[in-house]
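Q: Here it is, the structure, as structure tokens.
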Amino acid sequence: MEKARVEFVLNGKAAWVESDPRKPLLRVLREDLGLTGTKQGCDLEGECGACTVIVDGVALRSCLLPVGKIAGRSVTTIEGMGSREAPHPLQTAFLEAGAVQCGFCTPGMLLSAKALLDRNPHPTKEAIVTALEGNLCRCTGYVKIIEAVQSAAELMGGEARTPASEARTQETIPDPAASAMGREFSGIGGSPERHKGWERVSGEALFAEDISMPNLHYMSVVRSPHFHARVDALDVAPALEVPGVLRVLTAADIPGENGLADYSLDEHLLAPVSGRVRMLGDPVALVVATSREAATQGAKALRVDYTPLPHRTEIDRALEAEAIPIHDGGNLLAEDEVGTGDIEGALGESEVVVQSKYITSFQAHMAIEREAAVAYIDEEGRVAVICANHEPHWDRSSLSKILGLPEGKIRVITPPIGGSFGGKQDIWPMAAAALAAYHLRLPVQLAYTRREVMDAAPKRHPYKCDCVVGATREGELTGMKFDALINKGAYDSAGRYVPNYAVTAAVGPYRWKATKARARSIYSNGPKAGQFRGFGTPQAAFAMECSLDELCEKLGADPLEFRLRNALRENDVSGLGFRVAESLDYVKVLEALAPDYHEASLGVAAFNAEAKPGLRRGLGFAGMWYRFGKFGRPLSQAEIELGLDGSFTIYASGADYGQGIETVFTQLAAERLGVSREALRLVNADTAHTLDGDVTGASRNTYWVGGGVTDAARGLRAAILDAAASLLDQAADTLTLRDDRVSSPRGELSLARIAQELEARGIPRRVKGTIDLRDVFPDNERTGLYLPMFVTGACLAQVEVEIETGLTRVISVSSAHDVGRVINRRGAEGQIEGSIVMGMGSVLMEEFIPGLSTGFSDYMIPTMRSTPDIRVHLVETPSRYGPFGVKGLGEAAMLATAPAMVNAISRAIGLRIRRMPATAERILAAIRGEKTTE
Amino acid sequence: MNYVFPSTLAEAVDILAANAGRARVIAGGTDLAPMFRDGKIDASVLVDITRIAGLGEIEIGDEWIVVGAAVTFAMLRDTPYFRERVPALAQAAASVGAAPIQAMATWLGNIAQAMPAADGGIVAVALEAEALVEDPAGSRWVPVETLYKGAKTSSLDSTRQLLSHLRFPRPRAGWASSWQRSGRRPSLTLPILNCAVTLRLAPLATPQAQAATAGLATTQAHAAPAMLAAPQAPAASAPAAAPEGAAPFATIASATIALGPVATLPFRARGVEAFLAGKTPDNYVIEEAAALATSECHPRSNPLRASGDYRSALIPTLVGKALREARDRAIATMVREQQ
Ligand code: FES
Ligand code: FES
């Protein structure tokens, strides 16, 4: 490439680069200037906004700017926005408002907001949306971002300011038990700033793709262009001829098992010669080179001979004898069934029965950060890999099987993660990078293109659900039948667990006389479906909560009253055949929504009575339960250390992919120790330093890992006070532990001094904490692997449908969730708001079509403009065993959203929608009574 | 690789000529950047025309409105005159991607890329705009429509020629435009269907005829069949604003209707345009015209966006809305003129 010199002003200083002038400014900033605060979310095609910079006062996409174009211009990147000492008011406001979850969209968001406020210091909400709608965020649902910009505008305008956290009123249903616990725990229940927040608003946080190392090499993946084919031959020679290519790795180079261990029982790391590829993007070989370009070219040059095989991405007839077999053992991966009572009898006696079929589609996570990993050999000779994950210790054991190395020779480090939603539980990127470092003994980076994310990263399983629900004329539920065919895609990727999740969610928090729920995971040549926020439950909740709404309509029953009447109570035997093991108060959750429900009912009725031509509104309601804490041992551990210098360090293993668990760890520890969060450091999810926190999916982090942290804090506090008591000759309960010392009426001691004392006495300064519920949850036949712990929630949605086009807008959503105990209010709200907007995407627009969906330009996720008015009600029914009474939340908030919205659409148009997404096209077809093509 | 900023048009044309096919014009760059990434553009010189004096200007003359090649969609969107008098243009500009794209992408670049449903192209075709083509042989105005040769193919040779300006007639009293668009989400997406309409109304000859038309327009706005009874706010307000007995009601002198993506090129619904010419712009006529538009277009299916059937179903809705909106705006300008 011929280079040219381009001079410009960068963050107020003269700068120049020698570069191909066509090279996008984004890559120049990141690669040539080392400014990695500017992010890349799409394939440099202007679709995500993560790369936003300001050029001469205007927010622009740096991926669309050939660097030659900026000659003589002035560029501001996130690195030039503010400093820790003198932050820009927007940076402060984003942190205060809780507008930062994973933080990957944040630099771009901040720059778009800055360009707006510089030009328009008092923007209306509409002006904010217009300026920021080009920046996608997958975590926050945009609510708190809008609030943050408004609050920064006020701050900069010098006006009396409402802190962003108080901008909206939040009510919590008063709970006698919670008040009995009191509010003495400072910080708990409040809205402290995100842990390591500054790093995420300043561009300092190093996500995997931002990490540079001396001699870093790059990797590209050779992937199948076929849905289904046999690999006949591989010719690596042409790839090796590409200048810069060092090595090609194939299945033959895998020292241990060619698989993904426990994560995916039937999936290869690389398809072997004479083996089969079963999906588009199935990996065949890895090319390692000195540059990205060389690696890409090498991958293109490598020759693979395939014999294409017949394929299918659907599963309708997959269990029939003549169906195309995807795996040798047949097309059924897994099956689960639950049932209670005499189902046929119960339905037979029902006065009203509804029978219907509900269908969902593949959906993509669309975290703004693409999958990336860096692997290298660390100073102790371990194969170390820095990669997004959910459970570093579990992954280390998988890598040990793949690399044929003992676990001690492997290290998994968790970097900041730019959103996961379950998708980054896939260990493939980590394993591929580790394999390259293992062979080359060099640092190697792997970064997926967005297209690779679309083809090869896991998706949400499409369901086809047959549902039957019955009730008496008085509105008492009788029986339910549920039968789901689950499109597994090409590989397991934990899909063997999905049927159990499906049937569990389907039964729901209701008093059934009889139940019969079955689900089957079936292979296709679609993308491997895997964990995705709710893991197999939102689809089932959609089908059942919509079925219940049909039943309500048939009965003429009020959907809220109906659910209240039939709500499962804490001591009832559930439709799964056993009692729940944690506290449960679905009634309280439903009641929390009653005021909003009545208000919205009147509003919708008034709107429709006005008979605005062409527009109809509808109100939809749905409830749910979610089993949090899934499988894994009912045991978790963490440690806290008092350093010899008197500092505290938490060692825990709970990956923070944006949900804010690190903030929660510091809150819990500060609370139990009785010190401020500022006094705590956190080392998280690094297998070289932290204990196994066990699986962290299924929203179990706060409850389990948090339980370990809390216990460690208790233990360490006791040890410190003990030592201080004897040194000061005081009773321990007269002492006060502060951030740096222990004080008493008779004098005080520095924590450093106490640390030395512990050291001298041989008392561990690093204290292990454990939450161990093995006695409470002895494995039993009915619950099997799964812990019977549930949270409940409910959602209310108001939509407006344009009758002539089917275009639908979600106007408002109210959501109530039992969180057990609020630890971080804004964090919890943010999880719910993000889930609502994600759920709205799944209802209105999101549909992954295998082989066709390429990225953000054709797989559409909601923008800021679609964000409805959202009200969140956090209900507190304290858990029995979790720290401070917490439960799990992150995924639960997904479940009720979609059915509430679909019910609202159905009620608006007076016709049932049974398909997700309910695109404008499908809604119009329903209105016109057309048969859809499905 | 050279990246140059010529300061005059002549210089730009010279550079293109001197490099004999190895140079390429770049304006906003939003379409070209992904092509660079894919190695689809192999040029040794990029000629950036955005710093040529005058090309960043919008000139609102008595006869023509002239827009330079460096004018971005953001400028079109924010120009008060366009918001007021050429709303189809301001709104089409606001439909391109999102603000950061609008701040870079240019109207002429949009046309030079020849995408069949580009918002800028559709509105230019409806405005019957002309582009000024510059090459060593000189410069000449050509209708924008003739620049479209086929799907994503422009008749322009961008290694030799460039578009420096675009012009369209300044609207008179009785002329108005409307823009309608449908997408899978409200912003940052390609259209499922987009549609630009212009109407030129001529005042009726006799006061009696005027009165008759006035009655038609007002009563029918309310008596319209339910299917057509989309929001009528401007319709209701425009005739109401006319002084009693002096309503300037009119016939359609001419209409233009451009639609995308319903063909490989921006599509002019010429059959509908011919049908409308000379008719009274009442809701019955508009309903008939809208229905006619469907039969003229043959949109294709794209599983990621919409089926052809759905697009076809949208056509009468969007065309009808656009015609009613343009009619009401046109009448409003005539009322203003009279007052
Ligand atoms: S990286 Fe620039 S918009 Fe996605
Ligand atoms: S915080 Fe916006 S993408 Fe994660």
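Every chain in the structure tokens takes a letter, A first, then B, and so on in the order presented; its residues are numbered from 1, and the ligands are numbered from 1 following the presented order.
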Kindly determine which residues of chain A lie within 7 Å of chain B, considering only C-alpha atoms, and give the answer as a short mmCIF file (atom, residue, chain, number, x, y, z; two decimals) with all heavy atoms, in the first residue's frame.

A:
```cif
data_model
loop_
_atom_site.label_atom_id
_atom_site.label_comp_id
_atom_site.auth_asym_id
_atom_site.auth_seq_id
_atom_site.Cartn_x
_atom_site.Cartn_y
_atom_site.Cartn_z
N GLU A 2 0.58 2.11 -0.90
CA GLU A 2 1.32 3.38 -0.92
C GLU A 2 0.82 4.28 0.19
O GLU A 2 -0.38 4.35 0.44
CB GLU A 2 1.11 4.05 -2.26
CG GLU A 2 2.40 4.26 -3.03
CD GLU A 2 2.10 5.04 -4.28
OE1 GLU A 2 1.51 4.46 -5.22
OE2 GLU A 2 2.41 6.24 -4.29
N LYS A 3 1.73 4.97 0.81
CA LYS A 3 1.31 5.79 1.94
C LYS A 3 1.42 7.28 1.62
O LYS A 3 2.17 7.69 0.75
CB LYS A 3 2.18 5.47 3.15
CG LYS A 3 1.97 4.03 3.58
CD LYS A 3 2.59 3.76 4.92
CE LYS A 3 2.13 2.37 5.37
NZ LYS A 3 2.68 1.98 6.64
N ALA A 4 0.67 8.04 2.35
CA ALA A 4 0.74 9.49 2.23
C ALA A 4 0.79 10.06 3.63
O ALA A 4 0.38 9.41 4.59
CB ALA A 4 -0.47 10.02 1.47
N ASP A 20 -1.93 4.77 4.13
CA ASP A 20 -2.77 4.72 2.95
C ASP A 20 -3.94 5.66 3.24
O ASP A 20 -4.65 5.47 4.24
CB ASP A 20 -3.29 3.29 2.75
CG ASP A 20 -4.19 3.17 1.51
OD1 ASP A 20 -4.91 4.14 1.21
OD2 ASP A 20 -4.17 2.10 0.88
N PRO A 21 -4.14 6.67 2.41
CA PRO A 21 -5.19 7.64 2.76
C PRO A 21 -6.59 7.07 2.74
O PRO A 21 -7.52 7.69 3.25
CB PRO A 21 -5.03 8.73 1.67
CG PRO A 21 -4.21 8.13 0.61
CD PRO A 21 -3.39 7.03 1.21
N ARG A 22 -6.74 5.87 2.17
CA ARG A 22 -8.07 5.26 2.17
C ARG A 22 -8.38 4.58 3.50
O ARG A 22 -9.51 4.23 3.79
CB ARG A 22 -8.15 4.17 1.08
CG ARG A 22 -8.21 4.71 -0.31
CD ARG A 22 -8.08 3.59 -1.32
NE ARG A 22 -6.80 2.89 -1.16
CZ ARG A 22 -6.37 1.93 -1.97
NH1 ARG A 22 -7.13 1.55 -2.98
NH2 ARG A 22 -5.21 1.35 -1.78
N LEU A 44 -16.97 -2.01 9.78
CA LEU A 44 -16.57 -0.73 9.17
C LEU A 44 -17.57 -0.32 8.11
O LEU A 44 -17.21 0.02 6.99
CB LEU A 44 -15.17 -0.86 8.54
CG LEU A 44 -14.07 -1.38 9.47
CD1 LEU A 44 -12.78 -1.61 8.69
CD2 LEU A 44 -13.81 -0.41 10.61
N GLU A 45 -18.83 -0.34 8.45
CA GLU A 45 -19.85 -0.03 7.45
C GLU A 45 -20.87 0.97 7.96
O GLU A 45 -21.95 1.10 7.40
CB GLU A 45 -20.54 -1.33 7.01
CG GLU A 45 -21.13 -2.10 8.17
CD GLU A 45 -21.24 -3.60 7.91
OE1 GLU A 45 -20.96 -4.04 6.79
OE2 GLU A 45 -21.60 -4.32 8.85
N ALA A 59 -20.26 15.16 15.06
CA ALA A 59 -20.07 13.73 15.36
C ALA A 59 -20.15 12.93 14.07
O ALA A 59 -21.14 13.02 13.33
CB ALA A 59 -21.15 13.25 16.33
N LEU A 60 -19.11 12.16 13.78
CA LEU A 60 -19.05 11.38 12.55
C LEU A 60 -18.62 9.96 12.85
O LEU A 60 -18.07 9.66 13.90
CB LEU A 60 -18.05 12.01 11.57
CG LEU A 60 -18.32 13.45 11.09
CD1 LEU A 60 -17.20 13.90 10.16
CD2 LEU A 60 -19.66 13.55 10.37
N ARG A 61 -18.86 9.08 11.88
CA ARG A 61 -18.41 7.69 11.98
C ARG A 61 -16.96 7.60 11.52
O ARG A 61 -16.69 7.81 10.32
CB ARG A 61 -19.22 6.81 11.02
CG ARG A 61 -20.72 6.94 11.13
CD ARG A 61 -21.20 6.08 12.21
NE ARG A 61 -22.48 5.47 11.95
CZ ARG A 61 -23.50 5.53 12.82
NH1 ARG A 61 -23.38 6.21 13.93
NH2 ARG A 61 -24.62 4.89 12.57
N LEU A 64 -16.10 5.33 8.49
CA LEU A 64 -16.46 5.72 7.13
C LEU A 64 -15.59 6.88 6.63
O LEU A 64 -15.82 7.40 5.55
CB LEU A 64 -17.94 6.14 7.07
CG LEU A 64 -18.98 5.05 7.33
CD1 LEU A 64 -20.38 5.61 7.19
CD2 LEU A 64 -18.79 3.88 6.35
N LEU A 65 -14.63 7.29 7.44
CA LEU A 65 -13.80 8.43 7.07
C LEU A 65 -12.44 7.95 6.61
O LEU A 65 -11.62 7.54 7.43
CB LEU A 65 -13.58 9.32 8.29
CG LEU A 65 -14.54 10.45 8.56
CD1 LEU A 65 -14.19 11.11 9.89
CD2 LEU A 65 -14.47 11.49 7.44
N PRO A 66 -12.18 8.01 5.30
CA PRO A 66 -10.82 7.72 4.87
C PRO A 66 -9.90 8.76 5.52
O PRO A 66 -10.24 9.93 5.55
CB PRO A 66 -10.87 7.93 3.35
CG PRO A 66 -12.30 8.05 3.00
CD PRO A 66 -13.05 8.45 4.22
N GLY A 68 -7.39 10.23 4.67
CA GLY A 68 -7.01 11.34 3.80
C GLY A 68 -7.97 12.51 3.90
O GLY A 68 -7.58 13.67 3.73
N THR A 130 -32.50 12.47 18.16
CA THR A 130 -32.02 12.65 16.79
C THR A 130 -30.49 12.59 16.74
O THR A 130 -29.91 12.01 15.83
CB THR A 130 -32.52 14.00 16.24
OG1 THR A 130 -33.95 13.97 16.29
CG2 THR A 130 -32.09 14.21 14.81
N ALA A 131 -29.86 13.15 17.74
CA ALA A 131 -28.39 13.17 17.73
C ALA A 131 -27.80 11.81 18.09
O ALA A 131 -26.70 11.48 17.66
CB ALA A 131 -27.88 14.23 18.68
N GLU A 133 -29.53 8.63 18.01
CA GLU A 133 -30.18 7.39 17.54
C GLU A 133 -29.28 6.58 16.62
O GLU A 133 -29.53 5.40 16.40
CB GLU A 133 -31.50 7.69 16.85
CG GLU A 133 -31.35 8.43 15.54
CD GLU A 133 -32.69 8.78 14.90
OE1 GLU A 133 -33.62 7.99 15.01
OE2 GLU A 133 -32.79 9.86 14.31
N GLY A 134 -28.24 7.20 16.09
CA GLY A 134 -27.31 6.45 15.25
C GLY A 134 -26.32 5.63 16.05
O GLY A 134 -25.52 4.90 15.49
N PRO A 613 -58.42 7.85 13.10
CA PRO A 613 -58.48 6.96 11.94
C PRO A 613 -57.14 6.26 11.74
O PRO A 613 -56.09 6.87 11.80
CB PRO A 613 -58.77 7.91 10.78
CG PRO A 613 -58.53 9.29 11.30
CD PRO A 613 -58.65 9.25 12.77
N GLY A 614 -57.23 4.97 11.54
CA GLY A 614 -56.03 4.22 11.18
C GLY A 614 -55.14 3.82 12.33
O GLY A 614 -54.18 3.11 12.13
N GLU A 804 -53.27 0.39 8.54
CA GLU A 804 -53.04 0.23 7.10
C GLU A 804 -51.68 -0.37 6.74
O GLU A 804 -51.45 -0.81 5.63
CB GLU A 804 -53.17 1.58 6.39
CG GLU A 804 -54.59 2.02 6.27
CD GLU A 804 -54.68 3.35 5.55
OE1 GLU A 804 -53.77 3.67 4.76
OE2 GLU A 804 -55.65 4.07 5.79
N THR A 805 -50.74 -0.28 7.70
CA THR A 805 -49.39 -0.76 7.39
C THR A 805 -48.93 -1.85 8.36
O THR A 805 -47.96 -2.55 8.08
CB THR A 805 -48.37 0.38 7.49
OG1 THR A 805 -48.39 0.88 8.83
CG2 THR A 805 -48.69 1.50 6.53
N MET A 845 -38.89 -6.62 15.48
CA MET A 845 -38.01 -6.57 14.31
C MET A 845 -36.92 -7.63 14.22
O MET A 845 -36.38 -7.84 13.16
CB MET A 845 -37.35 -5.19 14.25
CG MET A 845 -36.53 -4.83 15.46
SD MET A 845 -35.96 -3.10 15.44
CE MET A 845 -37.22 -2.26 16.37
N SER A 857 -26.85 -4.09 9.65
CA SER A 857 -27.63 -3.44 8.60
C SER A 857 -28.88 -4.24 8.27
O SER A 857 -29.86 -3.68 7.78
CB SER A 857 -26.79 -3.27 7.33
OG SER A 857 -26.49 -4.54 6.79
N ASP A 858 -28.86 -5.52 8.54
CA ASP A 858 -30.05 -6.30 8.19
C ASP A 858 -30.62 -7.10 9.36
O ASP A 858 -31.72 -7.63 9.27
CB ASP A 858 -29.79 -7.22 6.99
CG ASP A 858 -28.47 -7.94 7.11
OD1 ASP A 858 -28.07 -8.23 8.25
OD2 ASP A 858 -27.83 -8.22 6.08
N ARG A 865 -34.64 5.79 19.27
CA ARG A 865 -35.94 6.35 18.90
C ARG A 865 -37.10 5.43 19.31
O ARG A 865 -38.21 5.88 19.52
CB ARG A 865 -36.00 6.64 17.39
CG ARG A 865 -37.25 7.38 16.96
CD ARG A 865 -37.15 7.99 15.59
NE ARG A 865 -36.18 9.06 15.48
CZ ARG A 865 -36.37 10.31 15.90
NH1 ARG A 865 -37.52 10.65 16.42
NH2 ARG A 865 -35.43 11.21 15.77
N GLU A 921 -45.27 -6.55 8.63
CA GLU A 921 -45.80 -7.37 7.55
C GLU A 921 -46.71 -8.47 8.08
O GLU A 921 -47.79 -8.71 7.54
CB GLU A 921 -44.61 -7.99 6.80
CG GLU A 921 -45.03 -9.00 5.78
CD GLU A 921 -43.96 -9.23 4.71
OE1 GLU A 921 -42.86 -8.66 4.82
OE2 GLU A 921 -44.26 -9.98 3.78
#
```

Q: Ligand 1: which residues are within 9 Å, counting only C-alpha atoms and all ligand atoms? Reply as a list in words.

A: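 Final answer, ordered by chain and number: Leu26, Thr38, Lys39, Gln40, Gly41, Cys42, Asp43, Leu44, Glu45, Gly46, Glu47, Cys48, Gly49, Ala50, Cys51, Thr52, Leu60, Arg61, Ser62, Cys63, Leu64, Gly134, Asn135, Leu136, Ile368 and Phe856 of chain A.
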
Q: Check which residues of chain A sit at most 6 Å from ligand 2 using only C-alpha atoms and all ligand atoms, and return one row each with the closest pair of atoms and their distance in Å to one decimal, ordered by chain and rising number, as a tab-separated table.

A:
```
residue	atom	partner	partner_atom_place_in_ligand_line	distance
A:Val100	CA	ligand 2	1 (S)	4.9
A:Gln101	CA	ligand 2	1 (S)	4.0
A:Cys102	CA	ligand 2	4 (Fe)	3.9
A:Gly103	CA	ligand 2	1 (S)	4.3
A:Phe104	CA	ligand 2	3 (S)	5.2
A:Cys105	CA	ligand 2	2 (Fe)	4.3
A:Thr106	CA	ligand 2	2 (Fe)	5.9
A:Cys137	CA	ligand 2	2 (Fe)	3.7
A:Arg138	CA	ligand 2	3 (S)	4.4
A:Cys139	CA	ligand 2	4 (Fe)	4.3
A:Thr140	CA	ligand 2	1 (S)	5.7
A:Ile368	CA	ligand 2	3 (S)	5.4
A:Gly418	CA	ligand 2	4 (Fe)	5.8
A:Gly419	CA	ligand 2	4 (Fe)	5.3
```

Q: Given the selection you just returned, output its residues as a file containing N, CA, C and O atoms, formatted as a tab-separated table (two decimals), in the first residue's frame.

A:
```tsv
chain	number	residue	atom	x	y	z
A	100	VAL	N	-23.97	3.53	31.92
A	100	VAL	CA	-22.89	2.69	31.42
A	100	VAL	C	-23.09	1.28	31.96
A	100	VAL	O	-23.06	1.07	33.16
A	101	GLN	N	-23.34	0.35	31.07
A	101	GLN	CA	-23.36	-1.05	31.52
A	101	GLN	C	-22.06	-1.71	31.07
A	101	GLN	O	-21.08	-1.67	31.78
A	102	CYS	N	-22.03	-2.30	29.87
A	102	CYS	CA	-20.75	-2.90	29.47
A	102	CYS	C	-19.76	-1.82	29.09
A	102	CYS	O	-18.56	-2.01	29.17
A	103	GLY	N	-20.25	-0.68	28.64
A	103	GLY	CA	-19.35	0.44	28.33
A	103	GLY	C	-18.78	0.42	26.93
A	103	GLY	O	-17.97	1.28	26.59
A	104	PHE	N	-19.20	-0.53	26.11
A	104	PHE	CA	-18.59	-0.61	24.78
A	104	PHE	C	-19.13	0.47	23.85
A	104	PHE	O	-18.42	1.00	23.02
A	105	CYS	N	-20.41	0.79	24.00
A	105	CYS	CA	-20.98	1.84	23.17
A	105	CYS	C	-20.67	3.23	23.73
A	105	CYS	O	-20.92	4.23	23.07
A	106	THR	N	-20.17	3.25	24.97
A	106	THR	CA	-20.11	4.51	25.72
A	106	THR	C	-19.24	5.59	25.08
A	106	THR	O	-19.69	6.74	24.97
A	137	CYS	N	-26.90	0.78	21.34
A	137	CYS	CA	-26.52	0.23	22.65
A	137	CYS	C	-27.38	-0.99	22.85
A	137	CYS	O	-28.59	-0.94	22.65
A	138	ARG	N	-26.78	-2.09	23.24
A	138	ARG	CA	-27.58	-3.30	23.42
A	138	ARG	C	-27.88	-3.54	24.89
A	138	ARG	O	-28.68	-4.42	25.20
A	139	CYS	N	-27.25	-2.79	25.78
A	139	CYS	CA	-27.40	-3.10	27.21
A	139	CYS	C	-28.47	-2.29	27.91
A	139	CYS	O	-29.24	-2.83	28.70
A	140	THR	N	-28.49	-0.99	27.69
A	140	THR	CA	-29.20	-0.10	28.62
A	140	THR	C	-30.65	0.13	28.27
A	140	THR	O	-31.39	0.63	29.11
A	368	ILE	N	-22.50	-5.20	21.19
A	368	ILE	CA	-21.82	-4.31	20.24
A	368	ILE	C	-20.36	-4.73	20.06
A	368	ILE	O	-19.79	-4.57	18.99
A	418	GLY	N	-17.64	-6.40	26.37
A	418	GLY	CA	-18.54	-5.44	25.72
A	418	GLY	C	-19.90	-6.02	25.43
A	418	GLY	O	-20.39	-5.97	24.31
A	419	GLY	N	-20.51	-6.60	26.44
A	419	GLY	CA	-21.84	-7.20	26.29
A	419	GLY	C	-21.72	-8.66	25.92
A	419	GLY	O	-20.84	-9.07	25.16
```

Q: Enter the distance from atom CA of Ser155 of chain B to atom CA of Leu132 of chain B, in Å, rounded to one decimal.

A: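 Computing it gives 13.3 Å between the two atoms.
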
Q: Do you know which residues are at most 7 Å from segment 320-325 of chain B counting only C-alpha atoms, after dropping those on the same chain fewer than 5 positions away, and could you put them as a ChimeraX atom specification?

A: /B:178-180,197,286-287,290

Q: Please measure the separation of atom CA of Ser493 of chain A and atom CA of Pro392 of chain A, giving the value in Å to one decimal.

A: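 Atom-to-atom, atom CA of Ser493 of chain A and atom CA of Pro392 of chain A are spaced 16.7 Å apart.
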
Q: Could you find all residues in segment 147-307 of chain A that DSSP calls alpha helix (DSSP H) from the backbone, and write them as a VMD selection string?

A: chain A and resid 147 to 156 176 to 181 197 to 202 237 to 241 292 to 301

Q: Can you pull out every residue within 8 Å of Arg411 of chain A, counting only C-alpha atoms, but drop anything in the same chain fewer than 5 positions away, and send it as a list in words?

A: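 Using only C-alpha atoms, the neighbours found are Arg382, Val383, Ala384, Val385, Arg396, Asp686, Thr687 and Ala688 of chain A.
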
Q: As an exercise, work out the distance from atom CA of Ser220 of chain A to atom CA of Val287 of chain A in Å and give it to one decimal place.

A: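 About the pair atom CA of Ser220 of chain A and atom CA of Val287 of chain A: they are 5.2 Å apart.
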
Q: Find the residues near segment 118-123 of chain B: any atom within 8 Å, counting only C-alpha atoms, skip ones fewer than 6 places away on the same chain, and give them as a list in words.

A: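 Returned residues: Ala88, Leu89, Ala92, Ala93, Ser95, Val96, Trp107, Asn110, Ile111, Trp179, Asn194, Cys195, Ala196, Val197, Ala258, Leu259, Gly260, Pro266 and Phe267 of chain B.
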
Q: If you run DSSP on the backbone here, which positions in segment 70-236 of chain B get strand (DSSP E or B)? Please write them as an MDAnalysis selection string.

A: chainID B and resid 72 106 130:135 138:143 148:150 153:154 162:169 175:183 191:203

Q: Rank A:Val201, A:Leu442, A:Ile486, A:Ile188 by their smallest atom-to-atom distance to Arg672 of chain A, using only C-alpha atoms, and report the top residue only.

A: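 Nearest to Arg672 of chain A: A:Ile188.
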
Q: Using only C-alpha atoms, which residues sit within 12 Å of segment 317-334 of chain A once same-chain residues fewer than 2 positions away are excluded, as a PyMOL selection string?

A: chain A and resi 227-230+264-267+275-279+309-315+336-337+484-502+518-526
